file upload-v2.cif (mmCIF, C-alpha atoms)
data_model
loop_
_atom_site.label_atom_id
_atom_site.label_comp_id
_atom_site.auth_asym_id
_atom_site.auth_seq_id
_atom_site.Cartn_x
_atom_site.Cartn_y
_atom_site.Cartn_z
CA MET A 16 -42.44 32.26 30.71
CA THR A 17 -39.81 30.33 32.65
CA THR A 18 -39.08 26.82 31.39
CA ASN A 19 -39.02 23.98 33.90
CA PHE A 20 -35.93 22.32 32.47
CA ASP A 21 -35.87 19.36 34.87
CA THR A 22 -39.42 18.44 33.82
CA ARG A 23 -38.55 18.92 30.17
CA ALA A 24 -35.51 16.65 30.59
CA ALA A 25 -37.64 13.92 32.16
CA GLU A 26 -40.19 14.15 29.34
CA LEU A 27 -37.49 13.94 26.68
CA ASP A 28 -35.89 10.92 28.37
CA ALA A 29 -39.28 9.19 28.59
CA ALA A 30 -39.84 9.73 24.85
CA ASP A 31 -36.28 8.86 23.79
CA PRO A 32 -36.22 5.79 21.49
CA LEU A 33 -32.47 5.36 22.18
CA ALA A 34 -32.75 5.54 25.97
CA ALA A 35 -32.56 1.77 26.50
CA HIS A 36 -29.19 1.59 24.74
CA ARG A 37 -27.54 3.88 27.27
CA ALA A 38 -27.26 1.02 29.79
CA LYS A 39 -25.05 -0.86 27.31
CA PHE A 40 -22.22 1.57 28.10
CA PHE A 41 -20.07 1.30 31.21
CA GLY A 42 -20.38 4.20 33.63
CA THR A 43 -23.94 5.25 32.86
CA ASP A 44 -25.52 3.67 35.96
CA GLU A 45 -25.30 5.11 39.47
CA ALA A 46 -23.06 2.30 40.76
CA THR A 47 -20.21 3.03 38.34
CA GLN A 48 -20.98 6.58 37.33
CA SER A 49 -19.16 8.88 39.70
CA SER A 50 -15.77 8.86 41.41
CA THR A 51 -17.30 10.90 44.25
CA PRO A 52 -19.92 9.03 46.38
CA GLY A 53 -23.30 10.74 46.26
CA MET A 54 -22.23 13.11 43.50
CA PRO A 55 -23.92 12.58 40.10
CA LEU A 56 -21.63 12.65 37.08
CA ALA A 57 -22.40 14.56 33.91
CA TYR A 58 -20.15 13.65 31.01
CA PHE A 59 -19.95 16.46 28.46
CA ASP A 60 -16.85 15.27 26.61
CA GLY A 61 -18.17 12.46 24.44
CA ASN A 62 -16.93 14.37 21.40
CA SER A 63 -13.36 13.88 22.68
CA LEU A 64 -13.49 10.41 24.21
CA GLY A 65 -16.56 8.19 24.15
CA ARG A 66 -17.56 5.79 26.91
CA PRO A 67 -16.70 2.08 26.55
CA MET A 68 -19.45 -0.43 25.82
CA SER A 69 -19.87 -3.14 28.42
CA ALA A 70 -19.77 -5.71 25.62
CA SER A 71 -16.25 -4.55 24.81
CA PHE A 72 -15.02 -5.86 28.19
CA ASP A 73 -16.11 -9.38 27.27
CA ARG A 74 -14.86 -9.06 23.69
CA ILE A 75 -11.40 -7.89 24.76
CA GLU A 76 -11.08 -10.64 27.38
CA ALA A 77 -12.12 -13.28 24.83
CA PHE A 78 -9.61 -11.81 22.40
CA LEU A 79 -6.83 -12.06 24.97
CA ARG A 80 -7.73 -15.52 26.25
CA HIS A 81 -8.76 -17.22 23.00
CA ASP A 82 -7.95 -15.36 19.77
CA TRP A 83 -4.48 -14.32 20.88
CA GLY A 84 -3.81 -16.43 23.97
CA THR A 85 -4.90 -19.79 22.52
CA ARG A 86 -5.03 -19.54 18.76
CA LEU A 87 -1.85 -17.44 18.73
CA ILE A 88 -0.47 -16.66 15.27
CA ARG A 89 -3.14 -18.85 13.64
CA SER A 90 -5.65 -16.05 14.27
CA TRP A 91 -4.05 -14.00 11.49
CA ASP A 92 -5.29 -16.50 8.93
CA GLU A 93 -8.51 -17.20 10.79
CA GLN A 94 -9.72 -13.62 11.25
CA TRP A 95 -7.20 -10.82 11.69
CA LEU A 96 -5.91 -10.34 8.14
CA ASP A 97 -9.26 -9.10 6.87
CA LEU A 98 -10.36 -7.27 10.04
CA PRO A 99 -9.30 -3.75 8.92
CA LEU A 100 -11.42 -4.08 5.77
CA GLU A 101 -14.36 -5.84 7.44
CA LEU A 102 -14.54 -3.26 10.23
CA GLY A 103 -14.07 -0.49 7.66
CA ASN A 104 -17.09 -1.79 5.76
CA LYS A 105 -19.14 -1.73 8.96
CA ILE A 106 -18.14 1.88 9.66
CA GLY A 107 -18.91 2.80 6.06
CA ALA A 108 -22.37 1.24 6.18
CA ALA A 109 -23.30 2.46 9.66
CA ALA A 110 -21.98 5.99 9.65
CA LEU A 111 -20.49 7.13 6.32
CA GLY A 112 -22.97 6.31 3.58
CA ALA A 113 -20.22 4.29 1.92
CA ALA A 114 -20.57 1.12 -0.12
CA PRO A 115 -18.23 -1.79 0.73
CA GLY A 116 -14.62 -1.80 -0.35
CA GLN A 117 -13.93 1.88 0.29
CA THR A 118 -13.17 2.17 4.02
CA PHE A 119 -10.38 0.59 6.04
CA VAL A 120 -9.07 0.87 9.61
CA GLY A 121 -5.44 1.42 10.51
CA ASP A 122 -2.84 3.92 11.71
CA SER A 123 -3.63 7.09 13.67
CA THR A 124 -5.70 9.96 12.32
CA SER A 125 -2.54 12.02 11.82
CA VAL A 126 -0.75 9.31 9.85
CA LEU A 127 -3.78 8.65 7.66
CA LEU A 128 -4.25 12.37 7.00
CA TYR A 129 -0.62 12.60 5.93
CA LYS A 130 -0.87 9.56 3.68
CA MET A 131 -4.09 10.71 2.06
CA ALA A 132 -3.02 14.33 1.61
CA ARG A 133 0.23 13.25 -0.05
CA ALA A 134 -1.62 10.76 -2.24
CA ALA A 135 -4.12 13.40 -3.37
CA ILE A 136 -1.40 15.94 -4.15
CA GLY A 137 0.56 13.32 -6.09
CA ALA A 138 -2.48 12.75 -8.28
CA ARG A 139 -2.46 16.40 -9.35
CA PRO A 140 1.08 16.94 -10.70
CA GLY A 141 2.03 20.47 -11.63
CA ARG A 142 -0.43 22.06 -9.21
CA THR A 143 1.19 24.06 -6.46
CA GLU A 144 -1.44 25.09 -3.90
CA ILE A 145 -3.18 23.52 -0.89
CA VAL A 146 -6.35 25.07 0.54
CA LEU A 147 -7.04 24.90 4.28
CA ASP A 148 -8.58 27.11 6.97
CA THR A 149 -7.15 28.91 9.96
CA ASP A 150 -9.46 27.19 12.47
CA ASN A 151 -8.97 23.61 11.40
CA PHE A 152 -7.73 21.18 14.04
CA PRO A 153 -4.03 21.84 14.78
CA THR A 154 -2.78 18.48 13.47
CA ASP A 155 -4.44 19.10 10.10
CA ARG A 156 -2.77 22.50 9.82
CA TYR A 157 0.61 21.32 11.05
CA LEU A 158 0.65 18.36 8.65
CA LEU A 159 -0.16 20.53 5.67
CA GLU A 160 2.46 23.09 6.67
CA GLY A 161 5.04 20.29 6.70
CA ILE A 162 3.86 18.86 3.38
CA ALA A 163 4.00 22.31 1.79
CA ASP A 164 7.57 22.70 2.98
CA GLU A 165 8.52 19.24 1.68
CA LEU A 166 7.03 19.83 -1.76
CA ASN A 167 7.65 23.57 -2.06
CA MET A 168 3.92 24.28 -2.31
CA THR A 169 1.84 27.29 -1.30
CA LEU A 170 -0.81 27.21 1.43
CA ARG A 171 -3.98 29.17 0.62
CA TRP A 172 -5.55 30.03 3.96
CA ILE A 173 -9.27 30.64 4.49
CA GLU A 174 -9.75 32.98 7.45
CA VAL A 175 -12.51 31.58 9.65
CA ASP A 176 -14.48 33.06 12.53
CA THR A 177 -14.03 30.73 15.54
CA SER A 178 -17.80 30.84 16.12
CA SER A 179 -18.57 29.55 12.63
CA GLY A 180 -16.78 27.64 9.88
CA VAL A 181 -15.85 27.36 6.21
CA THR A 182 -18.52 28.22 3.65
CA PRO A 183 -18.82 27.26 -0.03
CA GLU A 184 -18.37 30.91 -0.99
CA GLN A 185 -15.03 31.06 0.84
CA VAL A 186 -13.79 27.93 -0.90
CA ALA A 187 -14.92 29.17 -4.31
CA ALA A 188 -12.95 32.37 -3.74
CA VAL A 189 -9.60 30.59 -3.28
CA VAL A 190 -9.60 27.46 -5.46
CA ASN A 191 -8.19 27.76 -8.98
CA SER A 192 -6.22 25.87 -11.61
CA ASN A 193 -3.24 25.72 -9.22
CA THR A 194 -5.17 23.98 -6.44
CA ALA A 195 -4.10 20.37 -5.89
CA LEU A 196 -5.85 19.68 -2.59
CA VAL A 197 -8.56 21.08 -0.32
CA LEU A 198 -8.48 19.68 3.22
CA LEU A 199 -11.23 20.71 5.65
CA SER A 200 -13.09 19.45 8.70
CA HIS A 201 -16.76 18.67 8.16
CA VAL A 202 -17.65 19.64 11.75
CA ALA A 203 -15.41 22.31 13.27
CA TYR A 204 -13.74 21.11 16.47
CA ARG A 205 -14.15 24.46 18.22
CA SER A 206 -17.58 25.81 17.26
CA GLY A 207 -19.39 22.68 16.11
CA PHE A 208 -20.19 24.35 12.77
CA MET A 209 -21.09 21.76 10.11
CA ALA A 210 -19.86 22.63 6.63
CA ASP A 211 -21.85 22.12 3.44
CA ALA A 212 -19.82 19.12 2.30
CA PRO A 213 -21.69 18.39 -0.97
CA ALA A 214 -21.40 21.99 -2.19
CA ILE A 215 -17.75 22.38 -1.19
CA THR A 216 -16.86 19.02 -2.74
CA LYS A 217 -18.43 20.08 -6.05
CA ILE A 218 -16.63 23.43 -6.01
CA THR A 219 -13.33 21.62 -5.42
CA HIS A 220 -13.97 19.22 -8.30
CA ASP A 221 -14.99 22.05 -10.62
CA ALA A 222 -11.51 23.50 -10.01
CA GLY A 223 -9.94 20.14 -10.91
CA ALA A 224 -8.67 19.50 -7.38
CA LEU A 225 -9.19 16.65 -4.92
CA ILE A 226 -10.74 17.02 -1.48
CA VAL A 227 -9.95 15.29 1.81
CA TRP A 228 -12.58 15.65 4.55
CA ASP A 229 -11.62 15.23 8.20
CA LEU A 230 -14.71 13.61 9.73
CA SER A 231 -13.37 13.17 13.26
CA HIS A 232 -16.20 15.22 14.81
CA SER A 233 -18.80 13.92 12.36
CA VAL A 234 -18.59 10.13 12.25
CA GLY A 235 -21.18 8.55 14.53
CA SER A 236 -22.81 11.90 15.29
CA VAL A 237 -24.22 13.40 12.10
CA VAL A 238 -25.51 11.90 8.86
CA VAL A 239 -22.70 11.54 6.30
CA GLU A 240 -23.23 10.45 2.67
CA LEU A 241 -19.75 10.10 1.17
CA ASP A 242 -20.84 8.14 -1.91
CA LYS A 243 -23.77 10.45 -2.60
CA TRP A 244 -21.61 13.54 -2.14
CA ASN A 245 -18.95 12.13 -4.51
CA VAL A 246 -16.24 12.71 -1.89
CA ASP A 247 -12.72 11.73 -2.92
CA ILE A 248 -11.13 10.86 0.42
CA ALA A 249 -12.14 11.08 4.07
CA VAL A 250 -10.35 10.35 7.33
CA GLY A 251 -11.61 10.21 10.88
CA CYS A 252 -10.77 9.05 14.38
CA SER A 253 -12.59 6.29 16.26
CA TYR A 254 -12.36 7.34 19.91
CA LYS A 255 -15.05 10.03 19.92
CA TYR A 256 -18.60 9.04 18.92
CA LEU A 257 -17.45 5.56 17.79
CA CYS A 258 -16.30 4.86 21.38
CA GLY A 259 -13.20 2.92 20.33
CA GLY A 260 -11.12 4.02 23.31
CA PRO A 261 -8.08 6.27 23.76
CA GLY A 262 -5.70 5.96 20.83
CA ALA A 263 -8.05 3.69 18.88
CA PRO A 264 -6.94 3.31 15.25
CA ALA A 265 -8.41 5.72 12.74
CA TRP A 266 -10.17 4.90 9.47
CA ALA A 267 -9.95 6.22 5.92
CA TYR A 268 -12.32 6.24 2.95
CA VAL A 269 -11.10 6.28 -0.66
CA ARG A 270 -13.73 6.45 -3.39
CA LYS A 271 -13.77 3.25 -5.47
CA ASP A 272 -12.82 4.74 -8.84
CA LEU A 273 -9.98 6.73 -7.26
CA GLN A 274 -8.22 3.82 -5.61
CA THR A 275 -5.98 2.94 -8.54
CA GLN A 276 -5.47 6.57 -9.57
CA ILE A 277 -3.61 7.68 -6.46
CA GLU A 278 -0.39 6.24 -5.04
CA GLN A 279 0.31 5.12 -1.50
CA PRO A 280 3.03 7.48 -0.19
CA ILE A 281 4.14 5.22 2.67
CA GLN A 282 4.74 1.89 0.94
CA GLY A 283 4.55 -1.21 3.09
CA TRP A 284 4.24 -4.95 2.75
CA TRP A 285 0.56 -5.06 3.70
CA GLY A 286 -0.37 -3.05 0.62
CA THR A 287 1.23 -5.40 -1.88
CA LYS A 288 -0.53 -7.89 -4.16
CA ASN A 289 1.05 -10.89 -2.45
CA MET A 290 2.24 -9.76 0.95
CA PHE A 291 3.67 -13.16 1.93
CA LEU A 292 5.67 -13.46 -1.26
CA MET A 293 8.05 -10.92 0.29
CA GLY A 294 9.04 -9.84 -3.23
CA PRO A 295 12.08 -7.76 -4.13
CA GLY A 296 10.02 -4.69 -5.06
CA TYR A 297 6.81 -2.90 -4.09
CA ASP A 298 3.87 -4.08 -6.25
CA PRO A 299 0.70 -2.39 -4.87
CA GLU A 300 -2.66 -4.14 -4.66
CA ASN A 301 -5.32 -2.92 -7.10
CA ASP A 302 -7.91 -2.12 -4.43
CA LEU A 303 -8.29 -0.45 -1.06
CA ARG A 304 -5.73 -2.73 0.58
CA ARG A 305 -2.94 -0.80 -1.18
CA PHE A 306 -3.42 2.03 1.35
CA ILE A 307 -2.56 -0.19 4.32
CA THR A 308 1.12 0.14 5.13
CA GLY A 309 2.18 -2.23 7.89
CA THR A 310 0.79 -4.71 10.40
CA THR A 311 -2.64 -3.47 11.44
CA PRO A 312 -3.55 -2.63 15.09
CA VAL A 313 -5.72 -5.65 15.86
CA VAL A 314 -5.78 -5.04 19.62
CA GLY A 315 -6.91 -1.46 19.11
CA MET A 316 -9.80 -2.47 16.87
CA GLN A 317 -11.49 -4.71 19.44
CA ALA A 318 -13.31 -1.96 21.38
CA MET A 319 -14.54 -0.38 18.14
CA ILE A 320 -16.54 -3.37 16.97
CA ASP A 321 -19.56 -3.29 19.30
CA PRO A 322 -20.20 0.50 19.18
CA VAL A 323 -20.02 0.50 15.38
CA GLU A 324 -22.45 -2.40 15.20
CA LEU A 325 -24.81 -0.62 17.61
CA ILE A 326 -24.85 2.52 15.45
CA GLY A 327 -25.68 0.31 12.48
CA GLU A 328 -28.48 -1.30 14.46
CA VAL A 329 -30.19 1.90 15.64
CA SER A 330 -29.32 3.95 12.47
CA ILE A 331 -27.27 7.11 12.22
CA GLU A 332 -30.48 9.00 11.45
CA ALA A 333 -31.85 8.12 14.90
CA VAL A 334 -28.56 9.13 16.49
CA ARG A 335 -28.65 12.47 14.67
CA ALA A 336 -32.26 13.12 15.68
CA LYS A 337 -31.36 12.75 19.36
CA SER A 338 -28.19 14.78 18.90
CA LEU A 339 -30.24 17.72 17.66
CA LEU A 340 -32.58 17.47 20.65
CA LEU A 341 -29.63 17.33 23.06
CA THR A 342 -27.85 20.33 21.56
CA GLN A 343 -31.11 22.30 21.36
CA PHE A 344 -31.71 21.61 25.06
CA VAL A 345 -28.31 23.13 25.87
CA ILE A 346 -28.96 26.16 23.66
CA ASP A 347 -32.42 26.77 25.15
CA TYR A 348 -31.08 26.42 28.69
CA THR A 349 -28.27 28.82 27.90
CA ASP A 350 -30.59 31.42 26.39
CA GLU A 351 -32.89 31.39 29.40
CA VAL A 352 -30.61 30.65 32.35
CA LEU A 353 -27.00 31.40 31.42
CA ALA A 354 -27.35 34.38 29.10
CA PRO A 355 -28.19 36.69 32.06
CA LEU A 356 -24.82 35.62 33.50
CA GLY A 357 -23.03 36.77 30.35
CA VAL A 358 -22.81 33.44 28.49
CA THR A 359 -23.13 33.42 24.71
CA VAL A 360 -23.62 30.52 22.30
CA ALA A 361 -20.67 30.16 19.90
CA THR A 362 -22.29 27.36 17.89
CA PRO A 363 -24.71 27.72 14.95
CA ARG A 364 -28.34 27.78 15.99
CA ASP A 365 -29.43 26.47 12.60
CA PRO A 366 -29.68 22.66 13.01
CA ALA A 367 -28.46 22.20 9.43
CA GLN A 368 -25.18 23.86 10.41
CA ARG A 369 -24.74 22.31 13.86
CA GLY A 370 -22.75 19.22 14.70
CA GLY A 371 -22.89 17.21 17.92
CA HIS A 372 -21.48 19.69 20.41
CA VAL A 373 -22.24 23.20 21.65
CA THR A 374 -19.60 25.75 22.66
CA LEU A 375 -20.51 28.33 25.29
CA ASN A 376 -18.40 31.48 25.63
CA HIS A 377 -17.73 33.45 28.80
CA PRO A 378 -14.54 35.13 30.10
CA HIS A 379 -14.41 32.70 33.07
CA MET A 380 -14.95 29.43 31.23
CA ARG A 381 -11.38 28.21 31.78
CA GLU A 382 -11.93 28.51 35.55
CA VAL A 383 -15.41 27.03 35.26
CA ASN A 384 -14.08 23.97 33.46
CA ALA A 385 -11.37 23.34 36.06
CA LEU A 386 -13.85 23.63 38.94
CA LEU A 387 -16.43 21.40 37.29
CA TRP A 388 -13.92 18.60 36.70
CA LYS A 389 -13.34 18.44 40.46
CA GLU A 390 -17.06 17.80 40.93
CA ASP A 391 -17.48 15.07 38.26
CA ILE A 392 -19.01 17.45 35.74
CA ILE A 393 -16.80 16.94 32.68
CA PRO A 394 -16.95 19.34 29.72
CA ASP A 395 -13.77 20.68 28.13
CA TYR A 396 -12.28 24.06 27.37
CA ARG A 397 -11.16 25.63 24.09
CA ASP A 398 -9.80 29.13 23.56
CA PRO A 399 -11.07 31.77 23.34
CA HIS A 400 -13.27 31.45 26.46
CA GLY A 401 -15.17 28.39 25.20
CA LEU A 402 -16.74 25.61 27.26
CA ARG A 403 -17.51 22.68 24.93
CA ILE A 404 -20.57 20.62 25.76
CA GLY A 405 -20.01 17.39 23.81
CA LEU A 406 -23.10 15.17 23.81
CA SER A 407 -22.84 11.58 22.62
CA PRO A 408 -26.45 10.55 21.84
CA LEU A 409 -26.10 6.86 22.67
CA THR A 410 -24.61 7.50 26.11
CA THR A 411 -26.11 10.82 27.25
CA SER A 412 -29.49 11.31 28.93
CA PHE A 413 -31.36 14.60 29.07
CA GLU A 414 -31.37 14.39 32.87
CA GLU A 415 -27.58 14.19 32.74
CA VAL A 416 -27.50 17.32 30.58
CA PHE A 417 -29.79 19.16 32.99
CA ILE A 418 -27.64 18.20 35.99
CA GLY A 419 -24.49 19.36 34.23
CA MET A 420 -25.94 22.63 33.02
CA GLU A 421 -27.23 23.43 36.49
CA ARG A 422 -23.70 22.98 37.81
CA VAL A 423 -22.36 25.30 35.09
CA LYS A 424 -24.84 27.95 36.27
CA GLU A 425 -23.98 27.49 39.95
CA THR A 426 -20.25 27.66 39.25
CA LEU A 427 -20.60 30.85 37.25
CA GLU A 428 -22.68 32.38 40.03
CA LYS A 429 -20.04 31.49 42.63
CA LEU A 430 -17.28 33.00 40.52
CA ALA A 431 -19.30 36.17 40.00
CA SER A 432 -19.97 36.56 43.72
CA SER A 433 -16.31 36.06 44.60
CA ASN A 434 -15.03 38.71 42.16
#

call {"tool": "encode", "arguments": {"input": "upload-v2.cif", "output": "structure tokens"}}
result
Amino acid sequence: MTTNFDTRAAELDAADPLAAHRAKFFGTDEATQSSTPGMPLAYFDGNSLGRPMSASFDRIEAFLRHDWGTRLIRSWDEQWLDLPLELGNKIGAAALGAAPGQTFVGDSTSVLLYKMARAAIGARPGRTEIVLDTDNFPTDRYLLEGIADELNMTLRWIEVDTSSGVTPEQVAAVVNSNTALVLLSHVAYRSGFMADAPAITKITHDAGALIVWDLSHSVGSVVVELDKWNVDIAVGCSYKYLCGGPGAPAWAYVRKDLQTQIEQPIQGWWGTKNMFLMGPGYDPENDLRRFITGTTPVVGMQAMIDPVELIGEVSIEAVRAKSLLLTQFVIDYTDEVLAPLGVTVATPRDPAQRGGHVTLNHPHMREVNALLWKEDIIPDYRDPHGLRIGLSPLTTSFEEVFIGMERVKETLEKLASSN
């Protein structure tokens, strides 16, 4: 039986409890949606860069005119000094399953990953190995390669299929008494595979090592329970599902009992016990603040505030429930409509192993992606032959998904007829 996907999309939109929140994001209405008049836009790249909230326009203007423009340096004492910890607490509560005092905002994802990896390794002196996988995001791999060179350590690589991800069995096979650090992504950037974080964390601890989870493709999309999972350290970006904008500062989580057991590798004045004493030597704070290095990116945090608060309001569980419906819609459409054109699904079909995006493989997907961008259909491409359909639940409608998937089909058909 052939599915009427446009009807199904309309029914899902009508039943969507998050549908009303979509209008809170700029670019989701017909007046601002498309750069081509009369051409509907389908945004399939929310897992790379989220849409801005309309409230962020007002917040940023007020920040410029009042907090910075009028209050000037007085705003540091009035609100800015504690902002990285206050916003970190909001992210922790809304999207990380983290109690207060364990999450802060600051630096880029790359810098925080470096700081946290070095801190974890320093807490395991005498151990000589770092565990990572071959399909982790490039920055994660490059950073660890550099750290291994700096410290004369050995990298233990887990070979990963690009259509899946790291399993507990693979981690158990490589960790040992020499392992200092395991660094993995919870949701794989290429396939969307979601790792079994609780099991892998326990395996790492049983080997006496520390674990750092990269949650860049998880935060704001899937349910995360860092405290419950007993995670040591986690890092993630803020410009994907948290909609903080391009280059928005990243965040890091350090478990409460670990905060005074690991050392900040990039020592700065913001992490000291009395930062305005300007003392002759580095005397680190006894809490999470010790991991902040220098002046925090206050401007960059402004656009993060409203999306994080919205996730807290609707609940990450509701966001995840819609995410699963969105990704299942793409998979079902692909199985029925695109599979006869040679498209395969390179993302786990099991919802328990699927993050917030779906990757579709076909030899012509690089060309498909380039053509779609010209028509305001915006997925992205990842080798080998993968078209990533990134669906941000708070900003994506099922009708939008249907429109975009129809254009994928039509583009593939045109390419097939021209070859």

call {"tool": "atom_distance", "arguments": {"input": "upload-v2.cif", "atom1": "atom CA of A:Gly180", "atom2": "atom CA of A:Met168"}}
result
24.3 Å

call {"tool": "resolve_selection", "arguments": {"input": "upload-v2.cif", "expression": "the PyMOL selection byres ((chain A and resi 281) around 8)", "output": "PyMOL selection string"}}
result
chain A and resi 130+279-280+282-283+308

call {"tool": "residues_around", "arguments": {"input": "upload-v2.cif", "residues": "A:Leu225", "least_positions_apart": "5", "cutoff": "9 Å", "atoms": "only C-alpha atoms", "output": "PyMOL selection string"}}
result
chain A and resi 135-136+138-139+194-198+216+219-220+246-248

call {"tool": "resolve_selection", "arguments": {"input": "upload-v2.cif", "expression": "the PyMOL selection byres ((chain A and resi 286-299) around 12)", "output": "list of chain:residue names"}}
result
A:Asp92, A:Leu96, A:Phe119, A:Gly121, A:Gln274, A:Thr275, A:Gln276, A:Ile277, A:Glu278, A:Gln279, A:Pro280, A:Ile281, A:Gln282, A:Gly283, A:Trp284, A:Trp285, A:Glu300, A:Asn301, A:Asp302, A:Leu303, A:Arg304, A:Arg305, A:Phe306, A:Ile307, A:Thr308, A:Gly309, A:Thr310, A:Thr311

call {"tool": "closest_residue", "arguments": {"input": "upload-v2.cif", "among": "A:Arg369, A:Gln343, A:Ala222, A:Thr18", "to": "A:Val146", "atoms": "all atoms listed in the file"}}
result
A:Ala222

call {"tool": "residues_near_point", "arguments": {"input": "upload-v2.cif", "point": "(-25.9, 11.1, 0.3)", "cutoff": "10 Å", "atoms": "all atoms listed in the file", "output": "ChimeraX atom specification"}}
result
/A:111-113,213,238-245

call {"tool": "atom_distance", "arguments": {"input": "upload-v2.cif", "atom1": "atom CA of A:Gln368", "atom2": "atom CA of A:Arg397"}}
result
19.7 Å

call {"tool": "closest_residue", "arguments": {"input": "upload-v2.cif", "among": "A:Thr349, A:Thr411, A:Ser253, A:Ser206", "to": "A:Val373", "atoms": "all atoms listed in the file"}}
result
A:Ser206

call {"tool": "decode", "arguments": {"input": "upload-v2.cif", "residues": "stretch 365-377 of chain A", "atoms": "N, CA, C and O atoms", "output": "PDB file, in the first residue's frame"}}
result
ATOM      1  N   ASP A 365      16.780   1.441  14.795  1.00  0.00           N
ATOM      2  CA  ASP A 365      16.352   1.282  16.175  1.00  0.00           C
ATOM      3  C   ASP A 365      16.310   2.652  16.841  1.00  0.00           C
ATOM      4  O   ASP A 365      17.338   3.319  16.952  1.00  0.00           O
ATOM      5  N   PRO A 366      15.146   3.123  17.315  1.00  0.00           N
ATOM      6  CA  PRO A 366      15.066   4.450  17.935  1.00  0.00           C
ATOM      7  C   PRO A 366      16.026   4.627  19.108  1.00  0.00           C
ATOM      8  O   PRO A 366      16.505   5.745  19.343  1.00  0.00           O
ATOM      9  N   ALA A 367      16.327   3.552  19.821  1.00  0.00           N
ATOM     10  CA  ALA A 367      17.231   3.640  20.967  1.00  0.00           C
ATOM     11  C   ALA A 367      18.661   3.918  20.549  1.00  0.00           C
ATOM     12  O   ALA A 367      19.490   4.310  21.376  1.00  0.00           O
ATOM     13  N   GLN A 368      18.971   3.740  19.263  1.00  0.00           N
ATOM     14  CA  GLN A 368      20.322   3.982  18.765  1.00  0.00           C
ATOM     15  C   GLN A 368      20.370   5.131  17.764  1.00  0.00           C
ATOM     16  O   GLN A 368      21.378   5.325  17.097  1.00  0.00           O
ATOM     17  N   ARG A 369      19.300   5.919  17.691  1.00  0.00           N
ATOM     18  CA  ARG A 369      19.222   6.973  16.676  1.00  0.00           C
ATOM     19  C   ARG A 369      19.158   8.343  17.324  1.00  0.00           C
ATOM     20  O   ARG A 369      18.334   8.601  18.200  1.00  0.00           O
ATOM     21  N   GLY A 370      20.035   9.227  16.868  1.00  0.00           N
ATOM     22  CA  GLY A 370      20.027  10.598  17.349  1.00  0.00           C
ATOM     23  C   GLY A 370      19.010  11.437  16.602  1.00  0.00           C
ATOM     24  O   GLY A 370      17.955  10.944  16.204  1.00  0.00           O
ATOM     25  N   GLY A 371      19.335  12.713  16.350  1.00  0.00           N
ATOM     26  CA  GLY A 371      18.364  13.633  15.786  1.00  0.00           C
ATOM     27  C   GLY A 371      18.485  13.871  14.298  1.00  0.00           C
ATOM     28  O   GLY A 371      17.787  14.736  13.756  1.00  0.00           O
ATOM     29  N   HIS A 372      19.361  13.143  13.620  1.00  0.00           N
ATOM     30  CA  HIS A 372      19.452  13.308  12.168  1.00  0.00           C
ATOM     31  C   HIS A 372      19.511  11.952  11.479  1.00  0.00           C
ATOM     32  O   HIS A 372      19.807  10.931  12.099  1.00  0.00           O
ATOM     33  N   VAL A 373      19.192  11.967  10.189  1.00  0.00           N
ATOM     34  CA  VAL A 373      19.204  10.755   9.362  1.00  0.00           C
ATOM     35  C   VAL A 373      20.130  11.000   8.179  1.00  0.00           C
ATOM     36  O   VAL A 373      20.047  12.050   7.523  1.00  0.00           O
ATOM     37  N   THR A 374      21.010  10.051   7.899  1.00  0.00           N
ATOM     38  CA  THR A 374      21.911  10.153   6.757  1.00  0.00           C
ATOM     39  C   THR A 374      21.460   9.180   5.670  1.00  0.00           C
ATOM     40  O   THR A 374      21.251   7.998   5.936  1.00  0.00           O
ATOM     41  N   LEU A 375      21.309   9.712   4.472  1.00  0.00           N
ATOM     42  CA  LEU A 375      20.859   8.927   3.323  1.00  0.00           C
ATOM     43  C   LEU A 375      22.001   8.805   2.325  1.00  0.00           C
ATOM     44  O   LEU A 375      22.595   9.814   1.926  1.00  0.00           O
ATOM     45  N   ASN A 376      22.312   7.579   1.925  1.00  0.00           N
ATOM     46  CA  ASN A 376      23.437   7.339   1.024  1.00  0.00           C
ATOM     47  C   ASN A 376      22.978   7.076  -0.409  1.00  0.00           C
ATOM     48  O   ASN A 376      21.996   6.348  -0.645  1.00  0.00           O
ATOM     49  N   HIS A 377      23.723   7.669  -1.327  1.00  0.00           N
ATOM     50  CA  HIS A 377      23.511   7.450  -2.764  1.00  0.00           C
ATOM     51  C   HIS A 377      24.737   8.015  -3.465  1.00  0.00           C
ATOM     52  O   HIS A 377      25.286   9.043  -3.037  1.00  0.00           O
TER      53      HIS A 377
END
